[in-house]
>>> print(open('protein-v6.cif').read())   # mmCIF, C-alpha atoms and all ligand atoms
data_work
loop_
_atom_site.group_PDB
_atom_site.id
_atom_site.type_symbol
_atom_site.label_atom_id
_atom_site.label_comp_id
_atom_site.auth_asym_id
_atom_site.auth_seq_id
_atom_site.Cartn_x
_atom_site.Cartn_y
_atom_site.Cartn_z
ATOM 1 C CA MET A 1 -17.983 3.657 -12.577
ATOM 2 C CA PHE A 2 -17.457 7.382 -12.295
ATOM 3 C CA CYS A 3 -13.748 7.950 -12.416
ATOM 4 C CA ALA A 4 -11.560 11.029 -12.178
ATOM 5 C CA GLU A 5 -7.833 11.504 -12.090
ATOM 6 C CA VAL A 6 -5.999 13.994 -9.915
ATOM 7 C CA ILE A 7 -3.762 16.250 -11.946
ATOM 8 C CA ASN A 8 -0.390 16.408 -10.287
ATOM 9 C CA PRO A 9 1.027 19.932 -10.546
ATOM 10 C CA ASP A 10 4.494 18.471 -11.071
ATOM 11 C CA ASP A 11 3.299 16.980 -14.353
ATOM 12 C CA ARG A 12 1.785 20.227 -15.490
ATOM 13 C CA LYS A 13 3.735 22.522 -17.757
ATOM 14 C CA ARG A 14 0.980 24.644 -19.195
ATOM 15 C CA ARG A 15 -1.653 26.816 -17.595
ATOM 16 C CA ILE A 16 -4.507 24.775 -16.182
ATOM 17 C CA LYS A 17 -8.144 25.715 -16.568
ATOM 18 C CA CYS A 18 -11.411 24.254 -15.335
ATOM 19 C CA SER A 19 -13.619 23.581 -18.341
ATOM 20 C CA SER A 20 -16.731 24.265 -16.316
ATOM 21 C CA CYS A 21 -16.202 27.435 -14.257
ATOM 22 C CA GLY A 22 -13.119 28.661 -16.109
ATOM 23 C CA ILE A 23 -10.920 29.166 -13.056
ATOM 24 C CA SER A 24 -7.320 28.939 -14.205
ATOM 25 C CA TYR A 25 -3.823 29.014 -12.775
ATOM 26 C CA ALA A 26 -0.265 28.981 -13.934
ATOM 27 C CA PRO A 27 1.422 25.664 -13.102
ATOM 28 C CA ARG A 28 3.561 27.322 -10.440
ATOM 29 C CA ASP A 29 0.506 28.768 -8.676
ATOM 30 C CA TYR A 30 -1.401 25.515 -8.982
ATOM 31 C CA LYS A 31 1.441 23.727 -7.244
ATOM 32 C CA ILE A 32 1.270 26.108 -4.287
ATOM 33 C CA LEU A 33 -2.524 25.878 -4.043
ATOM 34 C CA TYR A 34 -2.440 22.106 -4.420
ATOM 35 C CA GLU A 35 0.117 21.749 -1.660
ATOM 36 C CA ASN A 36 -2.034 23.937 0.575
ATOM 37 C CA LYS A 37 -5.123 21.906 -0.344
ATOM 38 C CA LYS A 38 -6.883 24.937 -1.750
ATOM 39 C CA ILE A 39 -7.628 23.574 -5.163
ATOM 40 C CA VAL A 40 -7.289 20.293 -6.964
ATOM 41 C CA TYR A 41 -7.855 19.790 -10.638
ATOM 42 C CA PHE A 42 -9.173 16.526 -11.953
ATOM 43 C CA LYS A 43 -9.293 14.976 -15.358
ATOM 44 C CA HIS A 44 -12.650 13.441 -16.113
ATOM 45 C CA LYS A 45 -13.660 12.234 -19.591
ATOM 46 C CA ASN A 46 -10.766 14.139 -21.154
ATOM 47 C CA ARG A 47 -11.834 17.403 -19.583
ATOM 48 C CA ILE A 48 -10.306 19.256 -16.705
ATOM 49 C CA TYR A 49 -12.384 20.286 -13.724
ATOM 50 C CA CYS A 50 -11.607 21.947 -10.435
ATOM 51 C CA HIS A 51 -12.707 19.994 -7.362
ATOM 52 C CA GLU A 52 -15.792 22.154 -6.859
ATOM 53 C CA CYS A 53 -17.092 21.569 -10.348
ATOM 54 C CA LEU A 54 -16.228 17.887 -10.185
ATOM 55 C CA TYR A 55 -18.210 17.667 -6.975
ATOM 56 C CA LYS A 56 -21.206 19.255 -8.701
ATOM 57 C CA ILE A 57 -20.959 16.770 -11.537
ATOM 58 C CA LEU A 58 -20.734 13.944 -9.013
ATOM 59 C CA SER A 59 -23.780 15.219 -7.162
ATOM 60 C CA ASP A 60 -25.791 15.458 -10.371
ATOM 61 C CA HIS A 61 -24.683 11.960 -11.221
ATOM 62 C CA ALA A 62 -25.668 10.572 -7.836
ATOM 63 C CA GLN A 63 -29.090 12.259 -7.817
ATOM 64 C CA GLY A 64 -29.326 12.195 -4.054
ATOM 65 C CA LYS A 65 -28.236 8.596 -3.710
ATOM 66 C CA LYS A 66 -25.070 7.187 -2.254
ATOM 67 C CA MET A 67 -22.445 6.729 -4.870
ATOM 68 C CA THR A 68 -19.059 5.117 -5.064
ATOM 69 C CA PHE A 69 -16.513 6.610 -7.389
ATOM 70 C CA MET A 70 -12.901 6.130 -8.260
ATOM 71 C CA ILE A 71 -10.095 8.619 -7.944
ATOM 72 C CA LYS A 72 -6.764 7.964 -9.579
ATOM 73 C CA MET A 73 -3.694 9.614 -8.188
ATOM 74 C CA ASP A 74 -0.027 8.988 -8.967
ATOM 75 C CA GLY A 75 -0.851 5.590 -10.416
ATOM 76 C CA TYR A 76 -2.938 4.535 -7.421
ATOM 77 C CA LYS A 77 -6.673 4.146 -7.330
ATOM 78 C CA PHE A 78 -8.859 5.154 -4.448
ATOM 79 C CA LYS A 79 -12.457 4.261 -3.938
ATOM 80 C CA CYS A 80 -14.453 7.141 -2.539
ATOM 81 C CA LYS A 81 -18.008 7.446 -1.402
ATOM 82 C CA LEU A 82 -20.343 10.306 -1.959
ATOM 83 C CA GLU A 83 -22.784 10.671 0.880
ATOM 84 C CA PRO A 84 -25.850 12.650 -0.059
ATOM 85 C CA ASN A 85 -26.971 15.420 2.249
ATOM 86 C CA LYS A 86 -23.636 15.474 3.936
ATOM 87 C CA SER A 87 -22.562 19.020 4.492
ATOM 88 C CA PHE A 88 -18.992 20.105 4.482
ATOM 89 C CA ASP A 89 -17.266 22.608 6.660
ATOM 90 C CA GLU A 90 -15.400 25.415 5.029
ATOM 91 C CA GLY A 91 -12.276 24.086 3.393
ATOM 92 C CA GLU A 92 -13.592 20.558 3.386
ATOM 93 C CA SER A 93 -14.667 18.550 0.400
ATOM 94 C CA PRO A 94 -15.404 14.927 -0.383
ATOM 95 C CA PHE A 95 -11.797 14.796 -1.502
ATOM 96 C CA THR A 96 -10.335 15.901 1.818
ATOM 97 C CA ASP A 97 -9.743 12.275 2.761
ATOM 98 C CA LEU A 98 -7.415 11.855 -0.172
ATOM 99 C CA PHE A 99 -4.712 13.986 1.264
HETATM 100 ZN ZN ZN B 1 -14.474 24.664 -11.842
#
>>> encode(input="protein-v6.cif", output="structure tokens")
Amino acid sequence: MFCAEVINPDDRKRRIKCSSCGISYAPRDYKILYENKKIVYFKHKNRIYCHECLYKILSDHAQGKKMTFMIKMDGYKFKCKLEPNKSFDEGESPFTDLF
């Protein structure tokens, strides 16, 4: 199953960078953005992705079908569903439910 782990800013000492789009933040800034639900970084297959890039990877993976995936956060696991053709309002993402 597709699985990704939320990177907790409190565990982050070094600058964090999305390996797909390259967006990067200092740990202090990531913490602020994370707390304001502006950006979340995930670890997936030993790479780091921002939530937007992870969502793209998920969509490619799902190929227009419904897909269940797993999100790990603070030692807990959450099952999430990707609904194809579902549009999101500004500031929303398939991960909004996590917070
Ligand atoms: Zn990215």
>>> atom_distance(input="protein-v6.cif", atom1="atom CA of Lys81 of chain A", atom2="atom CA of Ser24 of chain A")
27.2 Å
>>> residues_near_ligand(input="protein-v6.cif", ligand="ligand ZN 1 (chain B)", cutoff="7 Å", atoms="all atoms listed in the file", output="MDAnalysis selection string")
chainID A and resid 18:23 49:53
>>> atom_distance(input="protein-v6.cif", atom1="atom CA of Val6 of chain A", atom2="atom CA of Ala62 of chain A")
20.1 Å
>>> closest_residue(input="protein-v6.cif", among="A:Arg47, A:Lys65, A:Lys56, A:Lys72", to="Lys17 of chain A", atoms="all atoms listed in the file")
A:Arg47
>>> residues_near_point(input="protein-v6.cif", point="(-3.7, 11.1, -7.4)", cutoff="10 Å", atoms="all atoms listed in the file", output="list in words")
Ala4, Glu5, Val6, Ile7, Asn8, Val40, Phe42, Ile71, Lys72, Met73, Asp74, Gly75, Tyr76, Lys77, Phe78, Leu98 and Phe99 of chain A
>>> resolve_selection(input="protein-v6.cif", expression="the PyMOL selection byres (((chain A and resi 82) around 8) and not hetatm)", output="list of chain:residue names")
A:Leu58, A:Ser59, A:Ala62, A:Lys66, A:Met67, A:Thr68, A:Phe69, A:Cys80, A:Lys81, A:Glu83, A:Pro84, A:Pro94
>>> write_last_selection(input="protein-v6.cif", atoms="C-alpha atoms", output="PDB file, in the coordinates of the input")
ATOM      1  CA  LEU A  58     -20.734  13.944  -9.013  1.00  0.00           C
ATOM      2  CA  SER A  59     -23.780  15.219  -7.162  1.00  0.00           C
ATOM      3  CA  ALA A  62     -25.668  10.572  -7.836  1.00  0.00           C
ATOM      4  CA  LYS A  66     -25.070   7.187  -2.254  1.00  0.00           C
ATOM      5  CA  MET A  67     -22.445   6.729  -4.870  1.00  0.00           C
ATOM      6  CA  THR A  68     -19.059   5.117  -5.064  1.00  0.00           C
ATOM      7  CA  PHE A  69     -16.513   6.610  -7.389  1.00  0.00           C
ATOM      8  CA  CYS A  80     -14.453   7.141  -2.539  1.00  0.00           C
ATOM      9  CA  LYS A  81     -18.008   7.446  -1.402  1.00  0.00           C
ATOM     10  CA  GLU A  83     -22.784  10.671   0.880  1.00  0.00           C
ATOM     11  CA  PRO A  84     -25.850  12.650  -0.059  1.00  0.00           C
ATOM     12  CA  PRO A  94     -15.404  14.927  -0.383  1.00  0.00           C
TER      13      PRO A  94
END
>>> atom_distance(input="protein-v6.cif", atom1="atom CA of Asp29 of chain A", atom2="atom CA of Cys3 of chain A")
25.5 Å
